[in-house]
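Asker: Coordinates in protein_15.cif, mmCIF, C-alpha atoms, are listed below.
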data_target
#
loop_
_atom_site.label_atom_id
_atom_site.label_comp_id
_atom_site.auth_asym_id
_atom_site.auth_seq_id
_atom_site.Cartn_x
_atom_site.Cartn_y
_atom_site.Cartn_z
CA ALA A 1217 88.13 91.99 105.30
CA LEU A 1218 91.51 91.24 106.90
CA ALA A 1219 90.44 87.72 107.87
CA VAL A 1220 89.68 86.85 104.24
CA ILE A 1221 92.65 88.83 102.86
CA PHE A 1222 90.29 91.38 101.28
CA ARG A 1223 88.52 88.81 99.08
CA GLY A 1224 85.20 90.40 98.20
CA HIS A 1225 86.31 93.68 99.79
CA VAL A 1226 87.96 95.46 96.88
CA ALA A 1227 86.50 98.85 97.79
CA VAL A 1228 87.61 98.56 101.42
CA ARG A 1229 91.14 97.67 100.39
CA ALA A 1230 91.29 100.55 97.90
CA ARG A 1231 90.12 102.94 100.62
CA LEU A 1232 92.78 101.70 103.04
CA ARG A 1233 95.53 101.94 100.44
CA GLY A 1234 94.40 105.43 99.51
CA GLY A 1235 94.43 106.68 103.09
CA PRO A 1236 97.12 108.81 104.76
CA ARG A 1237 100.54 107.13 104.60
CA LEU A 1238 104.03 107.85 105.86
CA GLY A 1239 106.26 109.50 103.27
CA ASN A 1240 103.88 112.15 101.95
CA ASP A 1241 104.77 115.12 104.17
CA ASP A 1242 101.55 114.67 106.18
CA ALA A 1243 102.24 116.07 109.67
CA ARG A 1244 99.49 113.94 111.27
CA VAL A 1245 100.95 110.65 110.04
CA ASP A 1246 104.53 111.75 110.58
CA GLU A 1247 103.78 112.58 114.22
CA LEU A 1248 102.53 109.03 114.77
CA ALA A 1249 105.76 107.70 113.28
CA ARG A 1250 107.81 110.04 115.45
CA VAL A 1251 106.07 108.85 118.63
CA ILE A 1252 106.33 105.16 117.70
CA VAL A 1253 110.06 105.41 116.97
CA GLU A 1254 110.65 107.41 120.15
CA ARG A 1255 108.87 104.81 122.28
CA PHE A 1256 110.54 101.89 120.55
CA CYS A 1257 114.01 103.36 121.04
CA ALA A 1258 113.26 104.06 124.72
CA LEU A 1259 112.06 100.49 125.27
CA VAL A 1260 115.21 99.03 123.71
CA ARG A 1261 117.51 101.45 125.54
CA ALA A 1262 115.94 100.49 128.89
CA HIS A 1263 117.40 96.96 128.68
CA PRO A 1264 120.92 96.67 130.13
CA THR A 1265 123.65 94.55 128.60
CA ILE A 1266 125.75 92.14 130.64
CA ASN A 1267 128.73 94.50 130.60
CA GLY A 1268 126.90 97.50 132.04
CA GLY A 1269 125.84 99.22 128.86
CA HIS A 1270 122.43 99.24 127.18
CA PHE A 1271 120.96 97.93 123.97
CA LYS A 1272 120.50 100.27 121.01
CA ALA A 1273 117.60 100.36 118.60
CA SER A 1274 118.08 99.88 114.86
CA LEU A 1275 115.77 100.59 111.95
CA ILE A 1276 117.58 98.46 109.37
CA SER A 1277 115.86 95.35 108.01
CA TYR A 1278 118.73 93.88 105.90
CA GLY A 1279 116.14 92.40 103.56
CA LEU A 1280 114.32 90.51 106.31
CA ASN A 1281 111.24 92.64 105.67
CA ALA A 1282 110.45 90.39 102.70
CA TYR A 1283 110.82 87.16 104.67
CA GLU A 1284 109.02 88.49 107.75
CA GLY A 1285 106.24 89.84 105.55
CA ALA A 1286 105.76 86.36 104.13
CA LEU A 1287 104.78 85.22 107.63
CA GLU A 1288 102.43 88.10 108.41
CA PRO A 1289 98.66 88.21 107.79
CA ALA A 1290 96.96 91.05 105.93
CA THR A 1291 97.22 94.44 107.64
CA SER A 1292 94.93 97.43 107.93
CA ASP A 1293 96.94 99.59 105.51
CA GLY A 1294 95.68 97.41 102.65
CA ARG A 1295 98.76 95.18 102.53
CA GLY A 1296 97.91 91.61 101.58
CA ALA A 1297 98.97 88.54 103.55
CA GLY A 1298 102.53 87.50 102.75
CA GLU A 1299 103.49 90.79 101.09
CA PRO A 1300 106.72 92.53 102.22
CA LEU A 1301 106.71 94.87 105.19
CA SER A 1302 108.29 98.29 104.81
CA ASN A 1303 112.05 98.05 104.37
CA SER A 1304 114.10 99.55 107.17
CA MET A 1305 113.00 103.15 107.82
CA SER A 1306 111.48 103.56 104.38
CA PRO A 1307 107.77 104.04 103.69
CA SER A 1308 105.94 100.92 102.53
CA ASN A 1309 106.16 100.16 98.82
CA GLY A 1310 103.60 102.25 96.99
CA ALA A 1311 102.96 104.57 99.92
CA GLU A 1312 104.97 107.46 98.50
CA ARG A 1313 102.77 109.63 96.30
CA LYS A 1314 104.39 113.06 96.34
CA GLY A 1315 108.00 112.44 95.36
CA PRO A 1316 111.28 112.16 97.24
CA THR A 1317 111.12 115.63 98.79
CA ALA A 1318 107.94 114.66 100.65
CA VAL A 1319 109.49 111.35 101.74
CA LEU A 1320 112.56 113.07 103.15
CA SER A 1321 110.45 115.72 104.85
CA SER A 1322 108.37 113.04 106.56
CA LEU A 1323 111.34 111.02 107.77
CA SER A 1324 113.19 114.11 109.00
CA ARG A 1325 110.42 114.66 111.57
CA ILE A 1326 111.62 111.54 113.39
CA ASP A 1327 114.37 112.11 115.95
CA GLN A 1328 117.05 109.97 114.34
CA THR A 1329 119.60 110.69 117.06
CA ALA A 1330 117.62 108.28 119.28
CA ILE A 1331 118.19 105.39 116.86
CA GLY A 1332 121.47 104.35 118.43
CA TYR A 1333 122.33 101.49 116.08
CA GLY A 1334 121.49 103.30 112.87
CA ASN A 1335 118.78 103.41 110.24
CA SER A 1336 118.45 103.01 106.51
CA LEU A 1337 116.21 104.93 104.10
CA ASN A 1338 115.95 103.50 100.59
CA LEU A 1339 114.70 105.41 97.54
CA ARG A 1340 114.50 104.32 93.90
CA LEU A 1341 115.18 107.04 91.34
CA PRO A 1342 114.44 106.96 87.60
CA ILE A 1343 117.13 105.49 85.38
CA GLY A 1344 119.08 108.16 83.55
CA LEU A 1345 118.62 110.79 86.25
CA PHE A 1346 122.38 111.06 86.71
CA ASP A 1347 123.02 111.46 82.98
CA SER A 1348 122.75 115.24 83.30
CA ASP A 1349 124.30 117.79 85.63
CA LYS A 1350 120.82 119.04 86.47
CA GLY A 1351 119.73 115.59 87.63
CA THR A 1352 122.87 115.09 89.70
CA ASP A 1353 122.49 118.54 91.26
CA SER A 1354 118.85 117.78 92.13
CA VAL A 1355 119.81 114.62 93.99
CA ALA A 1356 122.67 116.42 95.78
CA ALA A 1357 120.25 119.14 96.88
CA LEU A 1358 117.84 116.49 98.18
CA VAL A 1359 120.55 114.86 100.27
CA ARG A 1360 121.85 118.16 101.66
CA GLY A 1361 118.34 119.28 102.54
CA TYR A 1362 117.54 116.00 104.29
CA PHE A 1363 120.70 116.08 106.39
CA THR A 1364 120.11 119.73 107.26
CA GLN A 1365 116.68 118.76 108.62
CA GLY A 1366 118.17 116.01 110.79
CA GLY A 1367 118.30 113.05 108.42
CA PHE A 1368 120.95 110.43 109.12
CA HIS A 1369 121.12 108.12 106.10
CA VAL A 1370 119.66 107.77 102.61
CA GLN A 1371 120.63 105.48 99.75
CA PHE A 1372 119.47 105.31 96.15
CA ASN A 1373 118.90 102.81 93.39
CA ALA A 1374 118.86 104.29 89.90
CA VAL A 1375 117.56 101.38 87.87
CA ASP A 1376 114.21 100.78 86.21
CA ALA A 1377 111.79 97.97 87.01
CA ALA A 1378 112.11 96.53 83.49
CA THR A 1379 115.85 95.94 83.97
CA LEU A 1380 115.27 94.35 87.38
CA ARG A 1381 112.62 92.03 85.94
CA ALA A 1382 114.91 91.09 83.06
CA ALA A 1383 117.66 90.24 85.55
CA GLN A 1384 115.18 88.17 87.51
CA ALA A 1385 114.16 86.23 84.41
CA CYS A 1386 117.68 85.80 82.95
CA PRO A 1387 120.19 86.17 85.78
CA ALA A 1388 123.10 84.97 83.62
CA ASP A 1389 122.69 88.11 81.48
CA TYR A 1390 123.07 90.43 84.49
CA PRO A 1391 125.91 89.02 86.61
CA ASP A 1392 127.19 92.47 87.68
CA LEU A 1393 123.92 94.30 88.41
CA ILE A 1394 124.32 95.71 91.92
CA VAL A 1395 121.52 97.33 93.92
CA ARG A 1396 121.16 98.81 97.37
CA VAL A 1397 119.04 96.40 99.39
CA SER A 1398 118.76 97.70 102.93
CA GLY A 1399 121.90 99.18 104.40
CA TYR A 1400 124.11 97.24 102.01
CA SER A 1401 124.82 96.67 98.32
CA ALA A 1402 124.44 93.28 96.66
CA TYR A 1403 124.21 91.55 93.30
CA VAL A 1404 120.48 91.46 92.73
CA THR A 1405 120.57 88.05 91.00
CA ARG A 1406 122.07 86.43 94.11
CA HIS A 1407 119.03 87.24 96.21
CA GLY A 1408 115.86 85.19 96.40
CA ARG A 1409 112.75 86.12 94.49
CA GLN A 1410 111.04 87.62 97.55
CA ILE A 1411 113.71 90.26 98.01
CA GLN A 1412 113.95 90.85 94.26
CA ASP A 1413 110.19 91.45 94.10
CA ALA A 1414 110.39 93.80 97.08
CA ILE A 1415 113.08 95.89 95.37
CA ILE A 1416 111.13 95.95 92.11
CA GLY A 1417 108.05 97.08 94.02
CA ARG A 1418 109.71 100.23 95.33
CA THR A 1419 108.23 103.39 93.86
CA ALA A 1420 110.44 105.22 91.35
CA LEU A 1421 110.46 108.83 92.52
CA ALA A 1422 111.43 111.71 90.26
CA PRO A 1423 112.79 114.86 91.95
#
Represent the structure of the file as structure tokens.
Answerer:
Amino acid sequence: ALAVIFRGHVAVRARLRGGPRLGNDDARVDELARVIVERFCALVRAHPTINGGHFKASLISYGLNAYEGALEPATSDGRGAGEPLSNSMSPSNGAERKGPTAVLSSLSRIDQTAIGYGNSLNLRLPIGLFDSDKGTDSVAALVRGYFTQGGFHVQFNAVDAATLRAAQACPADYPDLIVRVSGYSAYVTRHGRQIQDAIIGRTALAP
């Protein structure tokens, strides 16, 4: 199925996409992520620098997840060939099924103190969420809870997919639309289509 990019294997791909995924407060999956990050950070830290220090691991993609994904074949989580990889420390697009609380709970199980050069977690929230005190308080509670559990960084986009697609189609009409990409903010119309599509593909999570 992977070799033919799931052509003729619709049921297999649906089963893979519907399987356990990071970002859903599933302790089994989250433990795998914890171990992988721990081992990765240890491998990087083991390499000395020329001035006597050591290298530090980073889980920040700076948008390269879209370009690197374009070079990768299909993968066994149901991702098609050429599709973006997960951005930074965030779950893959479409993996989150239980809302932002579950995402933050999953990521907090990873020892983020070992990620010496920082990490970035990106979440897209529904447009209008910050129009009420209740919405703002909900997001504030999410952030406080995540940091209390050991989280290091989280950033939000509060813009709907329709607006992002409109900006993609008519960039001159949206010269000042800024989004969080991956550890940084940028004018969305100044990025290439691959990164724009990756941002649009992020799941909008309602608290």
Asker: Could you give me, as CSV, every segment 1356-1418 of chain A residue with an atom at most 6 Å from segment 1322-1334 of chain A, plus its closest atom pair and distance in Å to one decimal, counting only C-alpha atoms, rows ordered by chain then number?
Answerer:
residue,atom,partner,partner_atom,distance
A:Gln1365,CA,A:Ser1324,CA,5.8
A:Gly1366,CA,A:Ser1324,CA,5.6
A:Gly1367,CA,A:Ser1324,CA,5.3
Asker: Can you list what the PyMOL selection byres ((chain A and resi 1251-1260) around 7) grabs from this structure, as a PyMOL selection string?
Answerer: chain A and resi 1247-1250+1261-1263+1271-1273+1330-1331
Asker: Take the residues that were just selected and, keeping C-alpha atoms, output them as a PDB file, in the coordinates of the input.
Answerer:
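Result file follows (selection-v2.pdb):
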ATOM      1  CA  GLU A1247     103.780 112.580 114.220  1.00  0.00           C
ATOM      2  CA  LEU A1248     102.530 109.030 114.770  1.00  0.00           C
ATOM      3  CA  ALA A1249     105.760 107.700 113.280  1.00  0.00           C
ATOM      4  CA  ARG A1250     107.810 110.040 115.450  1.00  0.00           C
ATOM      5  CA  ARG A1261     117.510 101.450 125.540  1.00  0.00           C
ATOM      6  CA  ALA A1262     115.940 100.490 128.890  1.00  0.00           C
ATOM      7  CA  HIS A1263     117.400  96.960 128.680  1.00  0.00           C
ATOM      8  CA  PHE A1271     120.960  97.930 123.970  1.00  0.00           C
ATOM      9  CA  LYS A1272     120.500 100.270 121.010  1.00  0.00           C
ATOM     10  CA  ALA A1273     117.600 100.360 118.600  1.00  0.00           C
ATOM     11  CA  ALA A1330     117.620 108.280 119.280  1.00  0.00           C
ATOM     12  CA  ILE A1331     118.190 105.390 116.860  1.00  0.00           C
TER      13      ILE A1331
END
Asker: Which residues, written as a ChimeraX atom specification, have at least one atom at most 8 Å from Ala1297 of chain A, with all atoms listed in the file counted and residues fewer than 5 positions away on the same chain left out?
Answerer: /A:1221,1285-1291
Asker: Residues picked by the PyMOL selection byres ((chain A and resi 1340) around 10) here, as JSON, numbers by chain?
Answerer: {"A": [1316, 1338, 1339, 1341, 1342, 1343, 1371, 1372, 1373, 1374, 1375, 1376, 1377, 1395, 1396, 1415, 1416, 1417, 1418, 1419, 1420, 1421, 1422]}
Asker: Just give me the gap between atom CA of Ile1394 of chain A and atom CA of Tyr1362 of chain A in Å, one decimal is fine.
Answerer: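 Computed distance, atom CA of Ile1394 of chain A to atom CA of Tyr1362 of chain A, equals 24.7 Å.
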Asker: Decode the PyMOL selection byres ((chain A and resi 1337) around 8) for the given file into explicit residues and return them as an mmCIF file with C-alpha atoms, in the frame of the given file.
Answerer:
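Now in expr.cif:
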data_model
loop_
_atom_site.group_PDB
_atom_site.id
_atom_site.type_symbol
_atom_site.label_atom_id
_atom_site.label_comp_id
_atom_site.auth_asym_id
_atom_site.auth_seq_id
_atom_site.Cartn_x
_atom_site.Cartn_y
_atom_site.Cartn_z
ATOM 1 C CA SER A 1304 114.100 99.550 107.170
ATOM 2 C CA MET A 1305 113.000 103.150 107.820
ATOM 3 C CA SER A 1306 111.480 103.560 104.380
ATOM 4 C CA ASN A 1335 118.780 103.410 110.240
ATOM 5 C CA SER A 1336 118.450 103.010 106.510
ATOM 6 C CA ASN A 1338 115.950 103.500 100.590
ATOM 7 C CA LEU A 1339 114.700 105.410 97.540
ATOM 8 C CA HIS A 1369 121.120 108.120 106.100
ATOM 9 C CA VAL A 1370 119.660 107.770 102.610
ATOM 10 C CA GLN A 1371 120.630 105.480 99.750
ATOM 11 C CA SER A 1398 118.760 97.700 102.930
#
Asker: Between A:Leu1218, A:Leu1393, A:Leu1238, A:Ala1227, which one has atoms that come closest to Gly1310 of chain A, using all atoms listed in the file?
Answerer: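 Closest residue, counting all atoms listed in the file: A:Leu1238.
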Asker: Please enclose the listed atoms of segment 1222-1239 of chain A in an axis-aligned box, pad each side by 5 Å, and write out the centre and the three edge lengths in Å, rounded to one decimal, as lines of an AutoDock Vina configuration file.
Answerer:
center_x = 95.7
center_y = 99.2
center_z = 101.4
size_x = 31.1
size_y = 30.7
size_z = 19.0
Asker: What does the distance from atom CA of Leu1301 of chain A to atom CA of His1225 of chain A come to in Å, to one decimal?
Answerer: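 Taking atom CA of Leu1301 of chain A and atom CA of His1225 of chain A, their separation equals 21.1 Å.
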